[in-house]
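Read the structure below first, then the notes.
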Amino acid sequence: MNLKVPIAVFDEMTEFVIKSTGSLDLASGEIRDIEYEDYDLKAQGLPADSEDYEFTSGVLSSNGKDVEFRVDVDVFTGKYSSSANELLELKVRAAKLFAGIEAQALLDVAPAKRAKAPPATPKKRH
């Protein structure tokens with residue numbers, strides 16, 4: 001199952017913003033395939049490693065609606081990601097905005113699925 005969605009990424013500097021695109025893995029929170037617009041990574045280095053770097057955010061868009069979220073940047077590896085807590089919040093906000101599903105409705109589905117599942121067979125101990 002493909003759990004990657006296209007996103008826009010914004011590295012906020014003191015005086016300007018560096019825009020890029022990438023794909024967010026909704027299972028792990030990893031952001032891959034970063035492609036900067038009008039920014040030369042090899043010549044200028046990782047934006048997050050610059051003295052005037054402030055923060056990075058991401059935007060997930062669908063049908064003209066946007067959900068913004070915090071993005072973490074590891075300056076040692078150059079990898080972009082979203083934390084588990086941020087990812088969960090993003091999923092709930094996106095479901096609400098894009099599909100009109102309330103957070104409580106998402107939580108109500110989980111117990112219903114567990115109730116229908118057959119009971120687990122106990123493992124034999126040797």
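Residues are referred to by chain and number: the chain letter is A, B, ... according to the order shown in the structure tokens, the number counts from 1 in that chain, and ligands are numbered separately from 1 in the order shown.
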
At a cut-off of 10 Å, using only C-alpha atoms, what residues contact A:Thr14? Leave out same-chain residues fewer than 2 positions from it and give the result as an MDAnalysis selection string. chainID A and resid 12 16:17 51:55

Give the strand (DSSP E) residues of stretch 3-82 of chain A, as assigned by DSSP on the backbone, as a PyMOL selection string. chain A and resi 4-13+17-25+30-36+53-62+65-74+79-81

Which neighbours of stretch 57-64 of chain A fall inside 10 Å, counting only C-alpha atoms, when residues of the same chain fewer than 2 positions from it are skipped, and could you give them as an NGL selection string? :A and (5-12 or 19-24 or 31 or 55 or 66-73 or 81-82 or 90 or 94 or 97-98)

So that I have them on file, write out the residues from the current selection with N, CA and C atoms, as an mmCIF file, in the first residue's frame.
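result-v1.cif written:
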data_model
loop_
_atom_site.group_PDB
_atom_site.id
_atom_site.type_symbol
_atom_site.label_atom_id
_atom_site.label_comp_id
_atom_site.auth_asym_id
_atom_site.auth_seq_id
_atom_site.Cartn_x
_atom_site.Cartn_y
_atom_site.Cartn_z
ATOM 1 N N VAL A 5 2.303 10.853 0.255
ATOM 2 C CA VAL A 5 1.510 11.932 -0.330
ATOM 3 C C VAL A 5 2.432 13.094 -0.670
ATOM 4 N N PRO A 6 2.144 13.792 -1.768
ATOM 5 C CA PRO A 6 2.970 14.949 -2.131
ATOM 6 C C PRO A 6 2.697 16.120 -1.193
ATOM 7 N N ILE A 7 3.757 16.816 -0.829
ATOM 8 C CA ILE A 7 3.630 17.981 0.050
ATOM 9 C C ILE A 7 4.513 19.115 -0.450
ATOM 10 N N ALA A 8 4.236 20.302 0.036
ATOM 11 C CA ALA A 8 5.116 21.457 -0.162
ATOM 12 C C ALA A 8 5.861 21.654 1.156
ATOM 13 N N VAL A 9 7.125 22.044 1.066
ATOM 14 C CA VAL A 9 7.953 22.259 2.252
ATOM 15 C C VAL A 9 8.493 23.689 2.193
ATOM 16 N N PHE A 10 8.479 24.356 3.342
ATOM 17 C CA PHE A 10 8.928 25.739 3.412
ATOM 18 C C PHE A 10 9.970 25.892 4.510
ATOM 19 N N ASP A 11 11.213 26.202 4.115
ATOM 20 C CA ASP A 11 12.279 26.509 5.069
ATOM 21 C C ASP A 11 12.241 28.023 5.270
ATOM 22 N N GLU A 12 11.847 28.434 6.469
ATOM 23 C CA GLU A 12 11.688 29.859 6.776
ATOM 24 C C GLU A 12 13.015 30.430 7.259
ATOM 25 N N LYS A 19 11.284 27.401 -0.861
ATOM 26 C CA LYS A 19 10.201 26.460 -1.130
ATOM 27 C C LYS A 19 10.757 25.210 -1.803
ATOM 28 N N SER A 20 10.194 24.064 -1.418
ATOM 29 C CA SER A 20 10.544 22.802 -2.061
ATOM 30 C C SER A 20 9.326 21.894 -2.037
ATOM 31 N N THR A 21 9.443 20.786 -2.733
ATOM 32 C CA THR A 21 8.394 19.779 -2.720
ATOM 33 C C THR A 21 9.009 18.458 -2.300
ATOM 34 N N GLY A 22 8.168 17.560 -1.839
ATOM 35 C CA GLY A 22 8.639 16.247 -1.426
ATOM 36 C C GLY A 22 7.468 15.312 -1.263
ATOM 37 N N SER A 23 7.742 14.125 -0.734
ATOM 38 C CA SER A 23 6.666 13.180 -0.466
ATOM 39 C C SER A 23 6.753 12.747 0.995
ATOM 40 N N LEU A 24 5.616 12.837 1.679
ATOM 41 C CA LEU A 24 5.517 12.483 3.088
ATOM 42 C C LEU A 24 5.010 11.056 3.204
ATOM 43 N N ILE A 31 10.126 12.376 5.168
ATOM 44 C CA ILE A 31 9.869 13.190 3.982
ATOM 45 C C ILE A 31 11.016 12.934 3.020
ATOM 46 N N PHE A 55 12.680 28.083 10.980
ATOM 47 C CA PHE A 55 11.934 26.836 11.149
ATOM 48 C C PHE A 55 11.508 26.301 9.787
ATOM 49 N N ASP A 66 -5.771 23.299 2.453
ATOM 50 C CA ASP A 66 -4.415 23.050 2.942
ATOM 51 C C ASP A 66 -4.406 22.738 4.432
ATOM 52 N N VAL A 67 -3.495 21.848 4.817
ATOM 53 C CA VAL A 67 -3.226 21.577 6.227
ATOM 54 C C VAL A 67 -1.731 21.781 6.424
ATOM 55 N N GLU A 68 -1.373 22.699 7.325
ATOM 56 C CA GLU A 68 0.035 22.999 7.605
ATOM 57 C C GLU A 68 0.493 22.204 8.821
ATOM 58 N N PHE A 69 1.760 21.782 8.814
ATOM 59 C CA PHE A 69 2.314 21.016 9.928
ATOM 60 C C PHE A 69 3.786 21.311 10.104
ATOM 61 N N ARG A 70 4.296 21.021 11.302
ATOM 62 C CA ARG A 70 5.706 21.260 11.614
ATOM 63 C C ARG A 70 6.563 20.157 10.990
ATOM 64 N N VAL A 71 7.721 20.559 10.502
ATOM 65 C CA VAL A 71 8.684 19.621 9.924
ATOM 66 C C VAL A 71 9.989 19.739 10.700
ATOM 67 N N ASP A 72 10.556 18.598 11.065
ATOM 68 C CA ASP A 72 11.858 18.570 11.729
ATOM 69 C C ASP A 72 12.938 18.319 10.684
ATOM 70 N N VAL A 73 14.075 18.983 10.847
ATOM 71 C CA VAL A 73 15.198 18.794 9.928
ATOM 72 C C VAL A 73 16.416 18.375 10.744
ATOM 73 N N SER A 81 11.585 15.272 8.334
ATOM 74 C CA SER A 81 10.601 14.322 8.860
ATOM 75 C C SER A 81 9.561 15.060 9.697
ATOM 76 N N SER A 82 8.518 14.315 10.044
ATOM 77 C CA SER A 82 7.487 14.815 10.937
ATOM 78 C C SER A 82 7.419 13.850 12.111
ATOM 79 N N LEU A 90 -1.694 15.697 12.182
ATOM 80 C CA LEU A 90 -1.887 15.994 10.763
ATOM 81 C C LEU A 90 -2.965 15.098 10.171
ATOM 82 N N ALA A 94 -6.343 16.545 8.696
ATOM 83 C CA ALA A 94 -6.582 16.317 7.270
ATOM 84 C C ALA A 94 -7.903 15.577 7.059
ATOM 85 N N LEU A 97 -10.687 18.144 7.614
ATOM 86 C CA LEU A 97 -10.773 19.164 6.573
ATOM 87 C C LEU A 97 -11.131 18.577 5.209
ATOM 88 N N PHE A 98 -10.452 17.504 4.820
ATOM 89 C CA PHE A 98 -10.635 16.969 3.478
ATOM 90 C C PHE A 98 -11.874 16.098 3.337
#
